[in-house]
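**Q** Pasting a structure here, questions to come.
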Amino acid sequence: MSEILITIDGKQCVATEGEYVLNVARRNGIFIPALCYVTNCSPTLACRLCLVEVDEKRAYSCNARAKEGMSVITKSEEIEKERRAIMEIYDINHPLECGVCDQSGECDLQNYTLEMGVDSQRHCIPDTPRPTKNWGFIHYDASLCIVCERCVTVCKDMIGDAALKTVPRGGAELPKEWKDKTEKDAYAMWNKLQKSIIGVASGAQTLDCTFCGECTAVCPVGALVGSDFQYKSNAWELKKIPASNPHSSDCSLLYYDVKHTSIKDDKPKIYRVSSDQNYAPLHGAARYGYDFENVVEGKDSTAFTKAILLLEARVDTIAFDSYITNEEAFILQKLKEKFGYRLVNEDASTYQQFLKAFSQTSGSNLYSGDLKTVSQSNFVVSFGSALKTDSPNAGYAMNNALGMNKGAGLYFHPVADPIVSGYSKNLLSITHKVGAEEAIAYLLLNLFGNKEEMPKELLMDVDALLSIIGMEADFSEKLEKLLEKKDSFSLIVGEDVYKHPKAENIAQLLGLIERFTPFKVVIIPSKTNTLGVSLICDLDAQRGEYTLGYNVKGDFTLSALLGKGDLAMPALNQQEGTFTSMNKRVVPTNAALSFKGYCLNDLANALGLEAEWTIDYTKELPSDKGFEAREFDSLPNTFDNSGFENRGYLLRPLTFTCKDCVEPLSEVENFGEEVVYQANPVLQFSAFTNQAHQLCEAGALYASAEFLEHKNLKDGDMVHITNEEGDKLVIAIKLDPHTAGLIPYLPTFDTKIDVTPFFKDGYRFAKLTIKGVNHE
Amino acid sequence: MELRDFQNRNINPGYIFFEGETKPTNGWESFKRVFKRSIKGELFVGLWIVFREMIRFDIHTVQYPAEKLEMSPRYRAIHKLLRLFESGSERCIGCGLCEKICISKCIRMDTHVDEKSRKVVSEYTINFGRCIFCGYCAEVCPELAIVHGNEYENASEQRAHFGLKEDMLTPLDEFKAKKQQEFPGFGALSDHANETVKQTPLAY
């Protein structure tokens with residue numbers, strides 16, 4: 001793709017050949033109205049507002065591709081007349097209920113109606129009754145819908161659920177007499193508007209999707225809103241506090257929309273989460289799991305004094321998890337340096353070792369890809385990650401690449417996932433044997449590696465690898481078809497492999513894949529700030545005699561979970577600081593709510609560190625690990641008009657000399673028939689998501705319909721889980737319609753269910769026996 | 001009066017211009033003025049008039065509290081929340097415009113969705129400690145739900161006693177007794193509203 005020059009309204013603009021004119025205009029600050037276009041998704045041409053003149057011919061800028069020397073006029077009398085007519089049509093029979101509508105104040109229909117100066121109506125047609133629908137988290141008021149199809153587009157092109165489509169409205173045919181009285185484009189738009197409405201793609205009564213809520217974010221009018229938010233507050237009353245997703249490592253930009261709780265209660269409350277929907281999709285947990293704040297009445301000085309005394313006298317270990325900010329991790333590291341505490345964080349330490357092994361063969365401490373390179377590539381491979389639940393945003397990027405770049409891909413996972421398989425017909429889902437991830441890494445290296453430069457001992461017979469992985473022999477033919485015309489490659493690797501028995505070797509193979517294949521690798525940090533913690537902290541493997549736990553159980557526990565622990569800590573929506581996202585970016589997050597208790601910085605200050613605020617440490621983050629010495633307040637947190645992620649700063653990768661010492665492929669352990677996977681259901685990531693009032697649920701053993709049938713069980717039955725060591729658990733079984741195959745999964749989000757005994761060595765698959773509990 | 005009358009800036013006819021008395025310039029003149037004013041006995045002139053009217057029993061004072069003035073529709077006293085004449089349900093739709101326009105930021109409302117999926121206002125307050133009775137809320141209200149009443153007797157232990165929804169909303173028994181009056185003040189439709197609005201065609 002070459003750079004070209006085009007002229008828009010007399011202004012010279014640099015564009016990439018084949019880019020949409022609308023995007024070029026937006027990047028250059030030229031306004032073209034558009035209702036239906038969603039950035040990074042396919043143009044639907046539903047609204048026709050983006051009408052422009054390209055070289056004196058009418059064109060729609062959302063799907064007109066830039067060509068060298070092309071001249072675009074965005075405004076003329078004729079165009080403005082057409083646009084006004086279109087807005088007039090949109091206003092026909094649109095209920096005049098702006099007074100109660102949730103979108104009022106941020107409504108595109110309101111804005112464009114005023115922009116185009118529609119103050120009277122020439123058209124009339126009988127309205128069709130359009131009932132409202134309640135789809136769980138989402139409320140659809142069909143009478144407000146202008147069928148711009150943004151929701152349909154984003155659900156298909158970005159999210160990958162493809163759960164929505166346009167269905168017939170059942171209204172009267174548009175009388176022909178209007179054809180002569182109405183402008184051409186306005187009439188065409190009207191004709192379509194009159195016929196269609198949004199419905200559930202599967203034809204079912206209610207929406208059955210992963211409930212990311214992205215459709216409610218893109219809806220330009222009040223048709224799709226969050227059920228919980230409906231009629232609670234007007235848009236203009238809410239104060240938007242920019243932050244980053246606290247639940248998973250995509251750390252997407254989000255805004256906490258805050259207002260006083262009620263007339264009686266002046267304390268701020270988060271009413272909803274909104275996003276920059278054109279640039280950063282949010283998954284459901286980020287959108288609905290916002291109220292996980294910790295509420296305390298005041299400073300608990302007895303517990304605080306006790307914590308200080310313990311830290312001074314008895315504590316030799318601080319155990320914590322990765323749901324903390326970089327600054328907090330840095331405070332812990334400083335405490336370690338000063339007092340010699342052991343720092344134990346299993347998840348970050350696993351990831352740290354994995355990246356270390358990776359850097360030995362790749363020559364860099366960081367992987368080269370990010371979600372942007374994934375969504376811009378046209379061949380995406382993923383293994384070792386249950387994308388839909390582990391890292392939905394990586395899944396969105398993959399789906400976006402498949403859909404928008406005519407891409408193809410491979411999805412390797414032992415648990416079949418109908419949602420991911422449904423991304424594209426050019427995505428080959430391979431349900432492989434449990435534990436075959438090492439063989440997959442070898443396979444990728446052998447299929448895509450540069451055979452001349454690669455060390456010879458890595459070369460293996462592809463067919464042999466296929467049978468080890470458990471794939472069919474016709475794979476090579478299928479792959480050849482998928483690879484036609486593909487030139488940019490991405491590989492997503494997830495947390496299954498970090499605790500794989502051969503994790504170190506897989507990491508080294510990934511390093512080689514980075515070096516010898518065209519793949520850009522993304523190694524997904526398993527929790528929000530796993531990458532940050534693994535860079536900042538020197539972690540220890542074993543706990544000592546007395547442990548101070550931070551958000552994990554210790555002899556004395558600091559906890560941000562409501563009512564848990566000995567000393568309350570602020571939750572991530574009550575803290576300011578930075579996260580290190582999977583895009584290798586240090587992104588800021590702000591406090592939406594206040595916290596009246598103590599924070600980690602208070603403890604550190606009492607122990608002799610000196611900083612007024614936690615964020616004073618932002619500029620001190622270790623520069624030898626790639627961080628920059630920048631003040632927290634200087635970190636931006638926006639997307640600009642070109643879609644550039646102007647958030648925080650990028651980590652500087654460190655380079656090393658490569659030391660290859662890869663082991664040969666070892667035999668795959670036979671896991672047998674009864675295997676359980678450790679994963680959280682859609683919308684759950686941790687105890688924090690489960691604390692949010694919309695997401696709160698009891699954990700269960702989640703299984704596919706196929707599994708229930710196979711075991712002769714019903715949804716809601718109790719089952720008995722045992723392993724060879726004799727650990728037992730009695731748990732309800734719950735049908736998850738979005739998985740397939742015979743591997744059920746156990747969640748970690750519910751603090752009442754302890755699944756750690758079953759996954760002792762950390763690998764996410766375990767041999768377990770499941771029996772239905774007999775009630776007779 | 002026509003527009004032309006307003007545009008006429010010549011205000012001479014009908015007005016008497018008072019030049020004012022010359023101010024004393026030195027001590028002697030000041031002394032003379034004080035002397036003149038003290039001797040003239042204007043106080044007794046006033047007292048005489050009061051006494052004369054008293055014995056004539058020609059009294060124009062309103063005999064408050066026995067007698068009360070009829071207030072102008074534009075008088076802006078403590079607010080009222082009105083009901084719909086047709087159904088008796090509350091007019092307020094919870095659009096929040098009064099809250100937004102209020103320049104002393106003294107209006108607050110809580111809204112939620114009810115079981116019939118309508119927006120309802122669960123609580124509505126005006127902080128009368130801050131309200132300046134400007135009338136913007138009544139003017140902006142699209143439903144003519146919040147209006148100014150003409151109740152000027154606001155004696156209570158607390159100002160807050162007037163500021164809740166239950167205090168301002170027309171009580172149902174009063175409504176049933178057809179005592180609720182339409183509000184003719186600011187924000188109400190003018191008599192010739194139909195002529196000024198362009199109607200949407202309804203020809204189907």
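Every chain in the structure tokens has a letter given in the order shown (A, B, ...), and although residue numbers restart at 1 in each chain, ligands are simply numbered from 1 in the order shown.
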Any chance you could list, as a ChimeraX atom specification, the residues in stretch 8-203 of chain B that come up strand (DSSP E or B) when DSSP is run on the backbone?

**A** /B:79-81,83,90,107-113,119-126,146-148,164,169

**Q** Using only C-alpha atoms, select each residue of chain A with any atom at most 10 Å away from an atom of chain B, and give the selection as a ChimeraX atom specification.

**A** /A:92,97-102,104,119-126,132,227-234,236-237,261-264

**Q** With distances taken over only C-alpha atoms, which of A:Val258, A:Leu35, A:Gln691, A:Leu22 is nearest to A:Gly563?

**A**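 Checking each candidate against A:Gly563, we get A:Gln691 as the closest.
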
**Q** Select, from A:Gly549, A:Gly407, A:Pro681, A:Gly511, the residue with the minimum atom-to-atom distance to A:Glu484, counting only C-alpha atoms.

**A**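 The closest residue to A:Glu484 is A:Gly407.
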
**Q** Near stretch 659-662 of chain A, within 8 Å and counting only C-alpha atoms, which residues show up once chain neighbours fewer than 2 positions away are dropped, as a ChimeraX atom specification?

**A** /A:360-361,505,508-509,657,664

**Q** Limited to N, CA, C and O atoms, could you put the picked residues into a file as an mmCIF file, in the first residue's frame?

**A**
data_model
loop_
_atom_site.group_PDB
_atom_site.id
_atom_site.type_symbol
_atom_site.label_atom_id
_atom_site.label_comp_id
_atom_site.auth_asym_id
_atom_site.auth_seq_id
_atom_site.Cartn_x
_atom_site.Cartn_y
_atom_site.Cartn_z
ATOM 1 N N GLN A 360 15.316 -15.334 25.416
ATOM 2 C CA GLN A 360 16.570 -16.017 25.090
ATOM 3 C C GLN A 360 16.686 -16.326 23.607
ATOM 4 O O GLN A 360 17.772 -16.274 23.029
ATOM 5 N N THR A 361 15.558 -16.692 22.993
ATOM 6 C CA THR A 361 15.635 -17.044 21.569
ATOM 7 C C THR A 361 15.162 -15.913 20.663
ATOM 8 O O THR A 361 15.562 -15.866 19.507
ATOM 9 N N ASN A 505 10.267 -24.543 27.155
ATOM 10 C CA ASN A 505 10.579 -24.900 25.774
ATOM 11 C C ASN A 505 9.628 -24.223 24.790
ATOM 12 O O ASN A 505 10.046 -23.741 23.731
ATOM 13 N N GLN A 508 10.682 -20.728 24.303
ATOM 14 C CA GLN A 508 11.844 -20.613 23.410
ATOM 15 C C GLN A 508 11.439 -20.826 21.954
ATOM 16 O O GLN A 508 11.931 -20.148 21.056
ATOM 17 N N LEU A 509 10.516 -21.772 21.749
ATOM 18 C CA LEU A 509 10.029 -21.998 20.381
ATOM 19 C C LEU A 509 9.329 -20.749 19.856
ATOM 20 O O LEU A 509 9.472 -20.393 18.687
ATOM 21 N N THR A 657 21.356 -10.776 23.158
ATOM 22 C CA THR A 657 21.875 -11.719 22.157
ATOM 23 C C THR A 657 21.166 -13.043 22.365
ATOM 24 O O THR A 657 20.908 -13.449 23.481
ATOM 25 N N PRO A 664 14.213 -31.056 22.324
ATOM 26 C CA PRO A 664 13.348 -31.718 21.342
ATOM 27 C C PRO A 664 11.951 -31.942 21.912
ATOM 28 O O PRO A 664 11.750 -31.915 23.132
#

**Q** Neighbouring residues of stretch 429-446 of chain A were defined as those with any atom within 9 Å, considering only C-alpha atoms; residues of the same chain fewer than 3 positions away were excluded. Please report them as number ranges by chain.

**A** A: 383-384, 409-417, 420-421, 449-451, 458-462, 465-466, 468-471, 496-497, 500-503, 505-506, 509-510, 512-513, 516-517, 665-671, 675, 741, 765

**Q** I'd like the neighbourhood of stretch 724-739 of chain A as a ChimeraX atom specification, where a residue qualifies if any of its atoms comes within 10 Å (using only C-alpha atoms), though same-chain residues fewer than 6 positions away should be ignored.

**A** /A:208-210,388,415-420,681-682,698-708,713-718,745-746,753-755,757-758,767-773

**Q** Could those selected residues go to a file with C-alpha atoms, as a PDB file, in the first residue's frame?

**A**
ATOM      1  CA  ASP A 208     -28.049 -15.335  23.205  1.00  0.00           C
ATOM      2  CA  CYS A 209     -24.574 -13.868  22.897  1.00  0.00           C
ATOM      3  CA  THR A 210     -21.517 -13.092  25.001  1.00  0.00           C
ATOM      4  CA  LYS A 388     -13.597 -15.779  24.166  1.00  0.00           C
ATOM      5  CA  VAL A 415     -12.106 -26.949  24.203  1.00  0.00           C
ATOM      6  CA  ALA A 416     -14.242 -26.334  21.146  1.00  0.00           C
ATOM      7  CA  ASP A 417     -15.753 -22.855  21.068  1.00  0.00           C
ATOM      8  CA  PRO A 418     -18.695 -22.246  18.735  1.00  0.00           C
ATOM      9  CA  ILE A 419     -18.388 -18.464  19.130  1.00  0.00           C
ATOM     10  CA  VAL A 420     -14.755 -18.348  18.011  1.00  0.00           C
ATOM     11  CA  PRO A 681     -17.259 -18.059  32.168  1.00  0.00           C
ATOM     12  CA  VAL A 682     -17.957 -15.129  29.880  1.00  0.00           C
ATOM     13  CA  ALA A 698     -22.488 -18.406  41.936  1.00  0.00           C
ATOM     14  CA  GLY A 699     -19.719 -20.420  40.367  1.00  0.00           C
ATOM     15  CA  ALA A 700     -20.452 -23.863  38.981  1.00  0.00           C
ATOM     16  CA  LEU A 701     -18.915 -26.516  36.815  1.00  0.00           C
ATOM     17  CA  TYR A 702     -19.684 -25.167  33.350  1.00  0.00           C
ATOM     18  CA  ALA A 703     -20.316 -27.732  30.664  1.00  0.00           C
ATOM     19  CA  SER A 704     -21.605 -28.016  27.134  1.00  0.00           C
ATOM     20  CA  ALA A 705     -24.911 -29.593  26.203  1.00  0.00           C
ATOM     21  CA  GLU A 706     -22.931 -32.416  24.668  1.00  0.00           C
ATOM     22  CA  PHE A 707     -21.214 -33.118  27.986  1.00  0.00           C
ATOM     23  CA  LEU A 708     -24.499 -33.095  29.915  1.00  0.00           C
ATOM     24  CA  LEU A 713     -26.968 -34.891  33.689  1.00  0.00           C
ATOM     25  CA  LYS A 714     -29.229 -31.860  33.683  1.00  0.00           C
ATOM     26  CA  ASP A 715     -28.495 -28.174  34.056  1.00  0.00           C
ATOM     27  CA  GLY A 716     -28.422 -27.456  37.806  1.00  0.00           C
ATOM     28  CA  ASP A 717     -27.604 -30.997  38.946  1.00  0.00           C
ATOM     29  CA  MET A 718     -24.998 -31.429  41.655  1.00  0.00           C
ATOM     30  CA  TYR A 745     -14.463 -26.032  33.061  1.00  0.00           C
ATOM     31  CA  LEU A 746     -14.090 -24.895  36.648  1.00  0.00           C
ATOM     32  CA  ILE A 753     -15.144 -22.370  45.507  1.00  0.00           C
ATOM     33  CA  ASP A 754     -11.542 -23.394  45.939  1.00  0.00           C
ATOM     34  CA  VAL A 755     -10.340 -25.132  42.810  1.00  0.00           C
ATOM     35  CA  PRO A 757      -6.208 -28.422  44.826  1.00  0.00           C
ATOM     36  CA  PHE A 758      -7.258 -29.728  41.415  1.00  0.00           C
ATOM     37  CA  LYS A 767      -7.545 -35.253  35.179  1.00  0.00           C
ATOM     38  CA  LEU A 768     -10.652 -35.358  37.338  1.00  0.00           C
ATOM     39  CA  THR A 769     -13.522 -37.722  37.868  1.00  0.00           C
ATOM     40  CA  ILE A 770     -17.001 -36.252  37.679  1.00  0.00           C
ATOM     41  CA  LYS A 771     -20.003 -38.113  39.044  1.00  0.00           C
ATOM     42  CA  GLY A 772     -23.571 -36.980  39.452  1.00  0.00           C
ATOM     43  CA  VAL A 773     -24.651 -36.808  43.076  1.00  0.00           C
TER      44      VAL A 773
END
